Amino acid sequence: MLAADALPPRFRDWFAARGWSPREHQLAMLEKAREGRGALLIAPTGGGKTLAGFLPSLIELSERPPRNTPAGVHTLYISPLKALAVDVERNLLTPIREMGLKIVAESRTGDTGEARKARQRVRPPDILLTTPEQLALFCAWEGAREYFSDLRCVIIDEAHAIWPSKRGDLLALGLARLQQFAPSMRRVGLSATVDDPDLVRRWLGDSGRDSIDLVLGSGGAQPVVEVLVSGGRVPWAGHTAEHAMAEVYEIIKSSKTALIFVNTRFQAEFAFQRLWELNEDDLPIALHHGSLSAEQRRKVEAAMTRGALRAVVCTSTLDMGIDWGDVDLVIQLAAPKGASRMVQRIGRANHRLDEPSRALFVPASRFEMLECRAAADAILENHLDGDPPRVGALDVLAQHVMGCACSEPFKLTELYDEVRSAGPYAELSWEDFETVVDFVSTGGYALRTYDKFRRIVQNADGLWTARNAQARQQHRMNVGAIVSPGMINIRIGGGKRPMGGRKIGEAEEGYFEQLTPGDTFVFAGQVWRYNSLVGADAFVSPAPNDDPKMPSWGGSKFPLSTYLASRVRQMMHDEREWAALPADVQEWLSWQKVRSAIPGDGEMLLETFQRGKRFHLVCYPFDGRLAHTTLAMLLTRRLDRLGVGPLGFVCNDYALNIWSLRPMDGLDLDELFAQDMLGDDLEAWLDESFMMKRAFKHCALIAGLIERRHPGAEKSGRQVTFSTDLIYDVLRKHQPDHLMLRCARHDAATGMLDIARLGDMLTRVQGHIRHVRLDRVSPFAVPIMLEIGRERAPGDAAGEMILAEAEEDLIAEAMS
Amino acid sequence: MTRFEPSLCGGLRVGLANVEVMLRWSGALWLERESTLVVADLHFEKGSSYAARFGQMLPPYDTRETLDRLDREIALLSPAALIFLGDSFHDGGGESRLAADDYRRLEGLAVGRELVWAVGNHDADGPKVLPGDIVDEAAVAGLTLRHEPVPGVQLGEVAGHLHPAAKITSGRATTRRRCFVTDGQRLVLPAFGAFTGGLNILDEAFSNLFAGPLLAGALGPKRVHAVGRKSLRPD
C-alpha cells in the first residue's frame with residue numbers, strides 16, 4: 001500500500017491545507033493506476049469516492065511533459081445522470097484551481113450548447129465528463145478512433161445503478177470500442193455497496209482479461225433504521241400511509257432536512273398535498289419527481305443545495321445524485337420493496353462517514369409492516385438483494401453495430417471479437433451476431449424485399465459501412481437505450497384551440513387516456529381541470545376548489561425483491577419474530593393462525609371461501625405483483641378449462657385473489673399449479689398481451705427498427721404507439737421467429753412479467769401448497785379483498801366490454 | 001337517427017340514402033344485391049415505402065396481411081365485383097415493389113370477377129400493370145363511390161380517405177377503434193390496410209361532412225358495434 005507521501009508535493013500540500021489526509025482507498029486507487037490496473041471502488045457515499053476516481057488522472061496530467069501537438073482526451077468520466085456530470089465538473093474545478101493545475105475539465109451532455117460541443121471536437125478537454133448516451137454518439141462519429149487515441153482512463157460513476165440494464169449493455173459495448181481505439185486505457189468503476197462485486201467487475205472489465213481489481217472503501221457508520229408505528233396502529237390495507245401523515249409532519253419539524261421517498265409519482269403528489277394541509281408552520285416543503293418540468297426540478301435541487309428546504313417529497317429521481325450535506329433524515333413512505341434500494345436511499349442522508357445515517361420506514365399496511373421490519377433487519381445485517389448475471393440484449397447490440405458502421409468500415413470477424421470482449425456479450429454466439437448484423441442491414445426478414453435498400457453495405461474491401469449520410473444522420477437521432485413512454489406536455493390553457501400556454505410538466509400519454517375532459521387531477525401539488533388534448537399538449541386550468549379525481553392506481557412500480565420476500569415469509573412462520581411487531585399486527589397474525597393458518601417453512605398458503613354469490617381462491621406467494629399477475633392470468637385460463645367459470649382477479653405484492661361462479665374447493669391444486677402452465681398457455685397468452693406490445697416497441701426503438709423521430713419531422717409518441725402495435729401484429733403473424741420478437745419475448749419474460757421468478761415459485765410450492773377451506777374471509781385475505789374493483793385489466797376483452805356498454809346505451813336511446 | 005340493425009354475421013345493417021348496406025367487421029362494405037365488396041385505403045406496400053424513402057426496415061408483410069383479410073371476405077361472400085376505393089397503393093412505386101407472391105395474388109383477384117380501382121391521392125394514376133378498371137368514381141346501387149368525400153351534403157356518397165377512428169368511453173374506461181361513420185346520408189369507410197392509422201371522427205376534417213346525428217360502426221373482433229355521439233370522445 002502506498003503511503004501518503006506517495007503523493008506529489010503539490011497534492012500533499014493541497015490535502016494538508018484543507019486539513020485532510022488522503023484516505024486509504026484513495027491511495028489504493030492511485031496504486032492500481034501506477035500498476036496500470038483497472039479498479040472497481042466500492043465505498044459508501046461521502047467517502048471521497050469521486051476524488052479517489054480522479055486523483056490518479058489529476059496527478060498523471062499534472063506530471064505530463066509539454067508536447068507540440070494538442071493532446072486528446074486523457075480521462076473520460078461517465079455518469080448515468082446529466083446533472084451529476086455537470087456537478088462533478090464543478091467539484092473537479094476546485095482542486096484544479098486551488099493547485100494551479102493546467103488541466104481542462106469540461107462536461108458534455110444532451111444539454112450542452114452546440115458551440116461548446118463543436119469546440120470540444122476540435123480542441124478536446126483533458127477530462128471530459130459525460131453520459132452513456134453521449135458515449136454511444138462518440139462511437140458513431142467518423143474519426144472517433146483518432147479522437148480517443150490518447151485516452152488513458154475511463155471512470156464510470158454509480159456503476160451499481162447502470163450495469164444491470166440495457167444502458168449498461170450499451171456502455172459495456174462502448175468501453176470495448178474505446179479499448180480498441182486506446183489499447184492502454186484503464187477502466188475504473190465507482191459503485192455503492194452491492195451484493196456481489198464480481199458481477200460488476202465482470203461487466204466493467206474486458207472479458208478476455210482479468211483486468212479489474214476490487215478496492216473497498218472503509219464502511220461508514222451503521223445506519224439507524226426505525227419503523228414508525230403511528231398512533232400504535234397499522235392499517236389493514238392501502239398504499240399511501242395517510243394515517244401516519246400528522247406524525248411524519250411532526251418528525252419533519254424536529255429534523256434539519258428530510259428526504260421523503262415514495263415509490264411512485266402519485267404517492268408523491270398525494271403525500272405532498274397532505275403534508276401541506278398540515279403545514280401550519282409554513283415549513284419549506286418541496287416536491288420532486290420525474291414528471292415535473294426540468295426547470296422546476298432544477299429549482300428544487302438548487303434550493304436544496306442552498307439549504308433552504310426542510311423537506312422534499314421525492315421519487316427515485318433523487319435515488320442518486322449530488323451530495324447534500326444537510327440531509328439528516330430519510331423517510332420511506334410505504335414499502336421499501338428492496339434492501340439495496342433502501343441502502344442507496346438512506347445513503348442520501350448525512351454524507352459524513354463517521355456519523356450514522358438516520359432512516360424511518362412508514363408502512364402503509366400490515367403486510368408492509370412485515371416488509372419494513374424485514375428490510376430494516378436486512379440493512380442492519382448488511383444483506384442486500386442480489387441481481388442475476390447480465391446477458392447483453394440483442395436490440396442494444398443492433399444499435400451498437402449500426403453505430404460502428406457509421407463511424408468507420410469494420411470487418412465482421414473483428415467486430416465479433418470486440419463485442420465479445422464486453423462482459424455482457426462474452427457468450428454471444430456467431431449465429432446470433434450474424435442475425436443481428438443482417439437485421440441492421442436488411443431488417444432480417446425471411447422475405448428478402450429490402451436487399452436493395454440495405455442500411456449497411458459491404459464496400460469493395462468486404463468491410464461493412466453505413467449506406468450513406470442519411471443512414472448515419474438517422475442513427476444519431478436515435479441513439480440510447482432509454483426508452484421513455486410518449487410524453488404529453490401539460491400546459492395551462494382552455495378552450496377549443498388553446499395556444500402556447502405555460503408548461504407545468506409532463507406525463508406519460510397513458511395518464512390522460514384515463515381522464516375525460518372536465519376531470520380534475522392533482523399535479524405539482526395543485527388541483528387542475530383537464531380541458532383538452534391537442535397533439536402532444538394537454539391543456540389544463542387551475543381548479544383549486546375541486547376535489548381531485550385520483551386515477552385508479554395502487555401499489556408500487558418496483559417489485560418486492562426476492563430476498564426481501566423470502567425474509568417476510570420467514571418472519572411470518574417464525575413466531576419468535578412477531579414480538580418485534582406492533583400489537584395490532586401481532587393480533588392480526590394470531591387471528592390468522594386461529595381462523596385459517598400461518599404457512600410453515602417452504603409452504604404456500606391457499607385459501608378458498610365463498611362470499612356472497614362468488615367463490616374465491618386466495619393464495620400468498622409473496623413474489624411481487626408482476627409475477628402474481630402473470631400467475632393469475634395463467635390460472636384463470638386453466639380454471640376456465642376446468643369449468644369453474646372464473647370471473648376476475650386482483651393481485652398485489654403479497655397475494656392474488658381469483659373469484660369464480662362455481663366453488664374451487666375440490667380442485668387438484670398441485671395439478672393446477674403444475675409448472676407446465678409456463679408452456680403453451682404462457683405462449684398463447686403472452687403473444688396477445690399488451691406487455692408484449694410494449695416490450696416490442698421498446699426493443700424496436702432501441703434497435704432502430706422504428707425511429708424516435710425523423711430528421712426534420714418530429715413524430716409524436718401517440719403515432720408511434722399506434723403503428724408499433726400494428727407492426728407487432730403483422731410481424732407476429734408472418735415471421736414469429738424474427739429477432740425483434742425474440743428480444744421482446746425475452747424482455748417481457750424477465751422484466752415485465754417476471755416469468756423467471758414465477759418459474760422458481762412454481763417449483764418451490766409444488767407439493768407444498770397448504771390448502772385451507774374457510775367459511776369466511778381470513779384476516780390475511782382482507783387487504784386483497786379490499787382491492788377488488790380498484791383496478792381494471794387493460795386489453796382486448798375490456799375493450800369489448802366498453803363497446804358493448806356503449807351499444808346498449810345507444811339502443812336504450814333509440815328505444816326511448 | 002340512422003336505422004341500424006345488428007346482423008348474425010357480426011356486421012351491422014344500416015340504411016344509407018334509402019339503400020340497405022352491410023358494414024362488415026373486417027372494415028369492408030357489402031352490397032348484397034349487387035354482390036359487390038368495397039374496401040378503402042388498402043395502402044399496399046406501405047411498409048416497403050419506408051425502406052425505399054428513409055431506409056427504415058418495417059416488416060414487409062403488410063401487403064400479404066391485407067390480402068389475407070381480403071381473401072377471408074372473398075371466401076365468405078364470393079363477390080361478383082370488388083371495388084378498391086382509392087389509396088390502394090401507398091405510393092406510385094408500390095406496385096413495382098410487390099413481392100412476386102403478392103403480385104400473383106393481386107392478379108388473381110381479377111379472375112372471374114370485376115376488379116375496379118378507384119384512384120386516390122396516394123395512387124392518382126392507378127396500377128400500371130395489374131388487371132382491373134381504373135376509375136375516378138363508380139356508381140353502384142344508386143350510391144356514388146369515390147375516394148375522397150366531397151364537402152357539403154352528398155346524398156348516397158360512399159368514400160374513404162379519412163381513415164375514421166372512434167374513441168369510445170363507457171363509465172371511466174376508453175377504447176379506440178377503426179370505424180365506419182355515417183349520418184344515414186353518406187358513409188365513410190375505415191382504412192382496410194394492415195399498416196393504416198386512424199383519425200378521430202370528432203376531428204374537424206369530418207365536421208362539414210355530416211348533417212344528421214353521427215352513427216359510428218366501431219370494429220371489434222368479429223363484430224361491428226353501433227356507437228352514438230354520446231359515447232364518442234375527442235383524442
# chains A, B, ... in the order shown; residues from 1 in each chain; ligands from 1
call {"tool": "residues_around", "arguments": {"residues": "stretch 328-340 of chain A", "least_positions_apart": "3", "cutoff": "8 Å", "atoms": "only C-alpha atoms", "output": "ChimeraX atom specification"}}
result
/A:194,239-241,255-263,343-346,348-350,357-365,368-369,371-372,375,378-379,383-385,558-561,563-564
call {"tool": "residues_around", "arguments": {"residues": "A:Asn91", "least_positions_apart": "3", "cutoff": "12 Å", "atoms": "only C-alpha atoms", "output": "ChimeraX atom specification"}}
result
/A:48,50-51,54,84-88,94-98,105-107,129,322-323
call {"tool": "atom_distance", "arguments": {"atom1": "atom CA of A:Ile155", "atom2": "atom CA of A:Lys32"}}
result
13.5 Å
call {"tool": "residues_around", "arguments": {"residues": "B:Ile83", "least_positions_apart": "6", "cutoff": "8 Å", "atoms": "only C-alpha atoms", "output": "list in words"}}
result
Thr36, Leu37, Val38, Val39, Leu115, Val116, Trp117 and Ala118 of chain B
call {"tool": "residues_around", "arguments": {"residues": "B:Arg176", "least_positions_apart": "4", "cutoff": "9 Å", "atoms": "only C-alpha atoms", "output": "list of chain:residue names"}}
result
A:Gly799, B:Ala165, B:Ala166, B:Lys167, B:Ile168, B:Thr169, B:Asn200, B:Ala218
call {"tool": "write_last_selection", "arguments": {"atoms": "N, CA and C atoms", "output": "short mmCIF file (atom, residue, chain, number, x, y, z; two decimals), in the first residue's frame"}}
result
data_model
loop_
_atom_site.label_atom_id
_atom_site.label_comp_id
_atom_site.auth_asym_id
_atom_site.auth_seq_id
_atom_site.Cartn_x
_atom_site.Cartn_y
_atom_site.Cartn_z
N GLY A 799 -61.83 -3.89 -23.67
CA GLY A 799 -62.26 -3.00 -24.76
C GLY A 799 -63.61 -3.42 -25.31
N ALA B 165 -61.62 6.80 -37.09
CA ALA B 165 -61.46 6.01 -35.86
C ALA B 165 -62.31 6.67 -34.79
N ALA B 166 -62.78 5.86 -33.85
CA ALA B 166 -63.62 6.40 -32.79
C ALA B 166 -62.99 6.13 -31.44
N LYS B 167 -62.99 7.15 -30.59
CA LYS B 167 -62.59 6.94 -29.20
C LYS B 167 -63.88 6.86 -28.40
N ILE B 168 -64.08 5.73 -27.74
CA ILE B 168 -65.37 5.44 -27.13
C ILE B 168 -65.20 5.28 -25.63
N THR B 169 -66.08 5.95 -24.90
CA THR B 169 -65.99 5.90 -23.45
C THR B 169 -67.27 5.32 -22.88
N ASN B 200 -59.56 10.57 -35.54
CA ASN B 200 -60.77 10.64 -34.72
C ASN B 200 -61.91 11.31 -35.48
N ALA B 218 -68.10 0.80 -34.89
CA ALA B 218 -66.74 0.55 -34.40
C ALA B 218 -66.38 -0.92 -34.60
#
call {"tool": "closest_residue", "arguments": {"among": "A:Ala536, A:Val777, A:Leu214, A:Ile658", "to": "chain B", "atoms": "only C-alpha atoms"}}
result
A:Ala536
call {"tool": "select_by_dssp", "arguments": {"residues": "stretch 403-583 of chain A", "states": "strand (DSSP E)", "output": "PyMOL selection string"}}
result
chain A and resi 456-458+464-466+487-492+503-508+520-523+526-534+537-542
call {"tool": "write_last_selection", "arguments": {"atoms": "C-alpha atoms", "output": "PDB file, in the first residue's frame"}}
result
ATOM      1  CA  ILE A 456     -25.209  -1.037 -44.046  1.00  0.00           C
ATOM      2  CA  VAL A 457     -23.394  -2.370 -47.086  1.00  0.00           C
ATOM      3  CA  GLN A 458     -20.094  -4.109 -47.840  1.00  0.00           C
ATOM      4  CA  TRP A 464     -19.219  -3.123 -43.670  1.00  0.00           C
ATOM      5  CA  THR A 465     -20.148   0.551 -43.644  1.00  0.00           C
ATOM      6  CA  ALA A 466     -23.236   2.738 -43.395  1.00  0.00           C
ATOM      7  CA  MET A 487     -44.745  12.129 -23.053  1.00  0.00           C
ATOM      8  CA  ILE A 488     -47.557  14.649 -23.128  1.00  0.00           C
ATOM      9  CA  ASN A 489     -46.757  18.232 -22.153  1.00  0.00           C
ATOM     10  CA  ILE A 490     -49.086  19.623 -19.518  1.00  0.00           C
ATOM     11  CA  ARG A 491     -49.821  23.267 -20.363  1.00  0.00           C
ATOM     12  CA  ILE A 492     -52.080  25.884 -18.914  1.00  0.00           C
ATOM     13  CA  LYS A 503     -45.731  24.212 -19.481  1.00  0.00           C
ATOM     14  CA  ILE A 504     -46.044  22.925 -15.931  1.00  0.00           C
ATOM     15  CA  GLY A 505     -44.677  19.450 -16.555  1.00  0.00           C
ATOM     16  CA  GLU A 506     -45.290  16.293 -18.489  1.00  0.00           C
ATOM     17  CA  ALA A 507     -46.946  12.925 -18.067  1.00  0.00           C
ATOM     18  CA  GLU A 508     -46.986   9.585 -19.843  1.00  0.00           C
ATOM     19  CA  THR A 520     -59.797  17.088 -12.232  1.00  0.00           C
ATOM     20  CA  PHE A 521     -56.465  15.700 -11.072  1.00  0.00           C
ATOM     21  CA  VAL A 522     -53.531  16.611  -8.836  1.00  0.00           C
ATOM     22  CA  PHE A 523     -50.236  17.650 -10.338  1.00  0.00           C
ATOM     23  CA  GLN A 526     -52.247  21.606  -7.160  1.00  0.00           C
ATOM     24  CA  VAL A 527     -55.645  20.595  -8.482  1.00  0.00           C
ATOM     25  CA  TRP A 528     -56.200  21.066 -12.239  1.00  0.00           C
ATOM     26  CA  ARG A 529     -59.056  20.583 -14.658  1.00  0.00           C
ATOM     27  CA  TYR A 530     -58.205  18.685 -17.816  1.00  0.00           C
ATOM     28  CA  ASN A 531     -59.586  20.645 -20.810  1.00  0.00           C
ATOM     29  CA  SER A 532     -58.297  19.104 -23.982  1.00  0.00           C
ATOM     30  CA  LEU A 533     -55.515  17.237 -25.690  1.00  0.00           C
ATOM     31  CA  VAL A 534     -54.079  18.809 -28.838  1.00  0.00           C
ATOM     32  CA  ASP A 537     -50.076  19.027 -25.402  1.00  0.00           C
ATOM     33  CA  ALA A 538     -52.675  18.554 -22.692  1.00  0.00           C
ATOM     34  CA  PHE A 539     -54.334  21.819 -21.727  1.00  0.00           C
ATOM     35  CA  VAL A 540     -55.403  22.312 -18.149  1.00  0.00           C
ATOM     36  CA  SER A 541     -56.675  25.119 -15.959  1.00  0.00           C
ATOM     37  CA  PRO A 542     -56.405  25.574 -12.199  1.00  0.00           C
TER      38      PRO A 542
END
call {"tool": "residues_around", "arguments": {"residues": "stretch 201-207 of chain A", "least_positions_apart": "4", "cutoff": "9 Å", "atoms": "only C-alpha atoms", "output": "list in words"}}
result
Gly38, Ala39, Leu40, Ile156, Ala159, Trp163, Pro164, Gly168, Asp169, Ala172, Leu175, Ala176, Gln179, Arg187, Val188, Gly189, Pro197, Ser211, Ile212, Asp213, Leu214, Arg390, Arg420, Ser421, Ala422, Gly423, Pro424, Tyr425 and Ala426 of chain A
call {"tool": "interface_residues", "arguments": {"of": "chain B", "to": "chain A", "cutoff": "7 Å", "atoms": "only C-alpha atoms", "output": "JSON, numbers by chain"}}
result
{"B": [51, 52, 55, 56, 57, 58, 59, 60, 61, 62, 65, 99, 169, 170, 173, 174, 175, 194, 195, 197, 220, 225, 226, 227, 228, 231, 235]}
call {"tool": "write_last_selection", "arguments": {"atoms": "N, CA and C atoms", "output": "compact mmCIF listing (two decimals), in the first residue's frame"}}
result
# COMPACT_ATOMS: atom_id res chain seq x y z
N ALA B 51 -38.76 1.81 -46.30
CA ALA B 51 -37.41 1.36 -46.64
C ALA B 51 -36.90 2.14 -47.84
N ALA B 52 -37.78 2.31 -48.84
CA ALA B 52 -37.36 2.99 -50.06
C ALA B 52 -37.06 4.47 -49.79
N GLY B 55 -34.96 4.34 -45.60
CA GLY B 55 -34.09 3.26 -45.15
C GLY B 55 -34.56 2.64 -43.85
N GLN B 56 -35.85 2.77 -43.56
CA GLN B 56 -36.39 2.21 -42.32
C GLN B 56 -37.05 0.88 -42.63
N MET B 57 -36.59 -0.17 -41.95
CA MET B 57 -36.93 -1.54 -42.36
C MET B 57 -38.16 -2.11 -41.66
N LEU B 58 -39.32 -1.52 -41.86
CA LEU B 58 -40.53 -2.08 -41.26
C LEU B 58 -40.83 -3.44 -41.88
N PRO B 59 -41.54 -4.30 -41.15
CA PRO B 59 -41.83 -5.64 -41.71
C PRO B 59 -42.52 -5.50 -43.07
N PRO B 60 -42.02 -6.23 -44.07
CA PRO B 60 -42.57 -6.10 -45.43
C PRO B 60 -43.79 -6.97 -45.64
N TYR B 61 -44.52 -7.25 -44.57
CA TYR B 61 -45.62 -8.22 -44.67
C TYR B 61 -47.00 -7.57 -44.68
N ASP B 62 -47.05 -6.24 -44.75
CA ASP B 62 -48.36 -5.60 -44.65
C ASP B 62 -49.24 -5.95 -45.85
N GLU B 65 -50.68 -9.40 -45.42
CA GLU B 65 -51.66 -9.40 -44.34
C GLU B 65 -52.99 -8.81 -44.83
N ALA B 99 -43.79 -8.12 -53.72
CA ALA B 99 -43.14 -9.43 -53.79
C ALA B 99 -43.88 -10.26 -54.83
N THR B 169 -66.08 5.95 -24.90
CA THR B 169 -65.99 5.90 -23.45
C THR B 169 -67.27 5.32 -22.88
N SER B 170 -67.08 4.45 -21.89
CA SER B 170 -68.21 3.97 -21.13
C SER B 170 -67.78 3.95 -19.68
N ALA B 173 -63.90 4.00 -18.59
CA ALA B 173 -62.95 3.33 -19.46
C ALA B 173 -63.10 3.77 -20.91
N THR B 174 -62.01 3.64 -21.63
CA THR B 174 -61.97 4.16 -23.00
C THR B 174 -61.32 3.15 -23.92
N THR B 175 -61.79 3.07 -25.15
CA THR B 175 -61.12 2.26 -26.15
C THR B 175 -61.14 3.03 -27.47
N ALA B 194 -53.30 -3.06 -43.50
CA ALA B 194 -52.75 -3.55 -42.23
C ALA B 194 -51.93 -2.48 -41.50
N PHE B 195 -51.31 -1.59 -42.24
CA PHE B 195 -50.46 -0.57 -41.61
C PHE B 195 -51.10 0.82 -41.66
N GLY B 197 -53.26 3.95 -39.87
CA GLY B 197 -53.69 4.54 -38.61
C GLY B 197 -55.09 5.10 -38.75
N GLY B 220 -64.80 -4.39 -33.88
CA GLY B 220 -64.26 -5.25 -32.82
C GLY B 220 -63.91 -6.56 -33.46
N HIS B 225 -69.79 -2.68 -33.75
CA HIS B 225 -70.62 -2.15 -32.67
C HIS B 225 -71.16 -0.78 -33.07
N ALA B 226 -72.48 -0.60 -32.94
CA ALA B 226 -73.07 0.71 -33.22
C ALA B 226 -72.82 1.63 -32.03
N VAL B 227 -72.27 2.80 -32.30
CA VAL B 227 -71.96 3.72 -31.22
C VAL B 227 -72.49 5.10 -31.60
N GLY B 228 -73.19 5.75 -30.66
CA GLY B 228 -73.75 7.07 -30.92
C GLY B 228 -72.84 8.18 -30.44
N SER B 231 -71.36 8.60 -26.76
CA SER B 231 -70.24 7.80 -26.23
C SER B 231 -68.91 8.15 -26.87
N ASP B 235 -59.75 12.89 -29.08
CA ASP B 235 -58.47 12.33 -28.61
C ASP B 235 -57.83 13.25 -27.58
call {"tool": "select_by_dssp", "arguments": {"residues": "stretch 89-180 of chain B", "states": "helix (DSSP H, G or I)", "output": "number ranges by chain"}}
result
B: 94-97, 100-108
call {"tool": "write_last_selection", "arguments": {"atoms": "N, CA and C atoms", "output": "PDB file, in the first residue's frame"}}
result
ATOM      1  N   GLY B  94     -45.227   1.620 -55.377  1.00  0.00           N
ATOM      2  CA  GLY B  94     -45.632   0.436 -54.620  1.00  0.00           C
ATOM      3  C   GLY B  94     -45.810  -0.796 -55.480  1.00  0.00           C
ATOM      4  N   GLU B  95     -46.436  -0.616 -56.615  1.00  0.00           N
ATOM      5  CA  GLU B  95     -46.731  -1.762 -57.486  1.00  0.00           C
ATOM      6  C   GLU B  95     -45.442  -2.481 -57.879  1.00  0.00           C
ATOM      7  N   SER B  96     -44.390  -1.697 -58.164  1.00  0.00           N
ATOM      8  CA  SER B  96     -43.138  -2.311 -58.623  1.00  0.00           C
ATOM      9  C   SER B  96     -42.366  -2.951 -57.468  1.00  0.00           C
ATOM     10  N   ARG B  97     -42.720  -2.646 -56.240  1.00  0.00           N
ATOM     11  CA  ARG B  97     -42.017  -3.261 -55.105  1.00  0.00           C
ATOM     12  C   ARG B  97     -42.701  -4.527 -54.610  1.00  0.00           C
ATOM     13  N   ALA B 100     -43.177 -11.185 -55.477  1.00  0.00           N
ATOM     14  CA  ALA B 100     -43.773 -11.945 -56.578  1.00  0.00           C
ATOM     15  C   ALA B 100     -45.063 -12.647 -56.153  1.00  0.00           C
ATOM     16  N   ASP B 101     -45.053 -13.247 -54.978  1.00  0.00           N
ATOM     17  CA  ASP B 101     -46.237 -13.929 -54.438  1.00  0.00           C
ATOM     18  C   ASP B 101     -47.425 -12.997 -54.346  1.00  0.00           C
ATOM     19  N   ASP B 102     -47.159 -11.838 -53.748  1.00  0.00           N
ATOM     20  CA  ASP B 102     -48.236 -10.882 -53.517  1.00  0.00           C
ATOM     21  C   ASP B 102     -48.775 -10.383 -54.858  1.00  0.00           C
ATOM     22  N   TYR B 103     -47.877 -10.206 -55.828  1.00  0.00           N
ATOM     23  CA  TYR B 103     -48.303  -9.746 -57.150  1.00  0.00           C
ATOM     24  C   TYR B 103     -49.279 -10.755 -57.760  1.00  0.00           C
ATOM     25  N   ARG B 104     -48.899 -12.038 -57.679  1.00  0.00           N
ATOM     26  CA  ARG B 104     -49.751 -13.084 -58.248  1.00  0.00           C
ATOM     27  C   ARG B 104     -51.123 -13.121 -57.561  1.00  0.00           C
ATOM     28  N   ARG B 105     -51.112 -12.931 -56.241  1.00  0.00           N
ATOM     29  CA  ARG B 105     -52.403 -12.967 -55.521  1.00  0.00           C
ATOM     30  C   ARG B 105     -53.285 -11.801 -55.952  1.00  0.00           C
ATOM     31  N   LEU B 106     -52.684 -10.626 -56.122  1.00  0.00           N
ATOM     32  CA  LEU B 106     -53.452  -9.458 -56.550  1.00  0.00           C
ATOM     33  C   LEU B 106     -54.027  -9.677 -57.944  1.00  0.00           C
ATOM     34  N   GLU B 107     -53.194 -10.228 -58.810  1.00  0.00           N
ATOM     35  CA  GLU B 107     -53.620 -10.544 -60.161  1.00  0.00           C
ATOM     36  C   GLU B 107     -54.835 -11.478 -60.132  1.00  0.00           C
ATOM     37  N   GLY B 108     -54.730 -12.470 -59.216  1.00  0.00           N
ATOM     38  CA  GLY B 108     -55.777 -13.481 -59.116  1.00  0.00           C
ATOM     39  C   GLY B 108     -57.130 -12.914 -58.693  1.00  0.00           C
TER      40      GLY B 108
END
call {"tool": "closest_residue", "arguments": {"among": "B:Gly217, B:Gly156, B:Gly126, B:Pro79", "to": "B:Leu232", "atoms": "only C-alpha atoms"}}
result
B:Gly217
call {"tool": "atom_distance", "arguments": {"atom1": "atom CA of A:Asp623", "atom2": "atom CA of A:Asp760"}}
result
9.7 Å
call {"tool": "residues_around", "arguments": {"residues": "A:Ser21", "least_positions_apart": "4", "cutoff": "12 Å", "atoms": "only C-alpha atoms", "output": "MDAnalysis selection string"}}
result
chainID A and resid 3:5 7 11:17 25:27 48
call {"tool": "write_last_selection", "arguments": {"atoms": "N, CA and C atoms", "output": "mmCIF file, in the first residue's frame"}}
result
data_model
loop_
_atom_site.group_PDB
_atom_site.id
_atom_site.type_symbol
_atom_site.label_atom_id
_atom_site.label_comp_id
_atom_site.auth_asym_id
_atom_site.auth_seq_id
_atom_site.Cartn_x
_atom_site.Cartn_y
_atom_site.Cartn_z
ATOM 1 N N ALA A 3 2.037 4.984 0.812
ATOM 2 C CA ALA A 3 1.869 5.888 1.946
ATOM 3 C C ALA A 3 1.460 7.261 1.416
ATOM 4 N N ALA A 4 1.017 8.118 2.340
ATOM 5 C CA ALA A 4 0.523 9.431 1.942
ATOM 6 C C ALA A 4 1.597 10.230 1.212
ATOM 7 N N ASP A 5 2.882 9.948 1.528
ATOM 8 C CA ASP A 5 3.933 10.744 0.879
ATOM 9 C C ASP A 5 4.191 10.277 -0.556
ATOM 10 N N LEU A 7 2.125 10.873 -2.702
ATOM 11 C CA LEU A 7 1.527 11.964 -3.470
ATOM 12 C C LEU A 7 2.603 12.976 -3.858
ATOM 13 N N PHE A 11 0.066 17.998 -4.436
ATOM 14 C CA PHE A 11 -1.154 17.340 -3.967
ATOM 15 C C PHE A 11 -1.134 17.161 -2.453
ATOM 16 N N ARG A 12 0.066 16.800 -1.918
ATOM 17 C CA ARG A 12 0.203 16.623 -0.472
ATOM 18 C C ARG A 12 -0.145 17.919 0.231
ATOM 19 N N ASP A 13 0.408 19.027 -0.301
ATOM 20 C CA ASP A 13 0.150 20.331 0.311
ATOM 21 C C ASP A 13 -1.327 20.685 0.259
ATOM 22 N N TRP A 14 -1.937 20.355 -0.864
ATOM 23 C CA TRP A 14 -3.352 20.702 -1.020
ATOM 24 C C TRP A 14 -4.207 19.971 0.027
ATOM 25 N N PHE A 15 -3.948 18.653 0.186
ATOM 26 C CA PHE A 15 -4.653 17.898 1.233
ATOM 27 C C PHE A 15 -4.412 18.549 2.591
ATOM 28 N N ALA A 16 -3.122 18.869 2.856
ATOM 29 C CA ALA A 16 -2.760 19.422 4.168
ATOM 30 C C ALA A 16 -3.450 20.752 4.411
ATOM 31 N N ALA A 17 -3.483 21.593 3.362
ATOM 32 C CA ALA A 17 -4.083 22.918 3.516
ATOM 33 C C ALA A 17 -5.555 22.815 3.890
ATOM 34 N N HIS A 25 -8.500 4.283 0.615
ATOM 35 C CA HIS A 25 -8.948 3.809 -0.697
ATOM 36 C C HIS A 25 -8.506 4.759 -1.806
ATOM 37 N N GLN A 26 -8.292 6.039 -1.458
ATOM 38 C CA GLN A 26 -7.785 6.970 -2.464
ATOM 39 C C GLN A 26 -6.361 6.597 -2.864
ATOM 40 N N LEU A 27 -5.565 6.229 -1.872
ATOM 41 C CA LEU A 27 -4.188 5.795 -2.152
ATOM 42 C C LEU A 27 -4.174 4.454 -2.891
ATOM 43 N N GLY A 48 -15.394 10.393 -0.245
ATOM 44 C CA GLY A 48 -14.398 10.946 -1.171
ATOM 45 C C GLY A 48 -14.189 10.032 -2.355
#
call {"tool": "atom_distance", "arguments": {"atom1": "atom CA of A:His160", "atom2": "atom CA of A:Val200"}}
result
7.0 Å
call {"tool": "closest_residue", "arguments": {"among": "B:Gly142, B:Pro164, B:Gly86, B:Pro221", "to": "B:His43", "atoms": "only C-alpha atoms"}}
result
B:Gly86
call {"tool": "residues_around", "arguments": {"residues": "A:Met677", "least_positions_apart": "4", "cutoff": "10 Å", "atoms": "only C-alpha atoms", "output": "VMD selection string"}}
result
chain A and resid 631 634 to 635 637 to 638 671 to 673 681 to 683 759 762
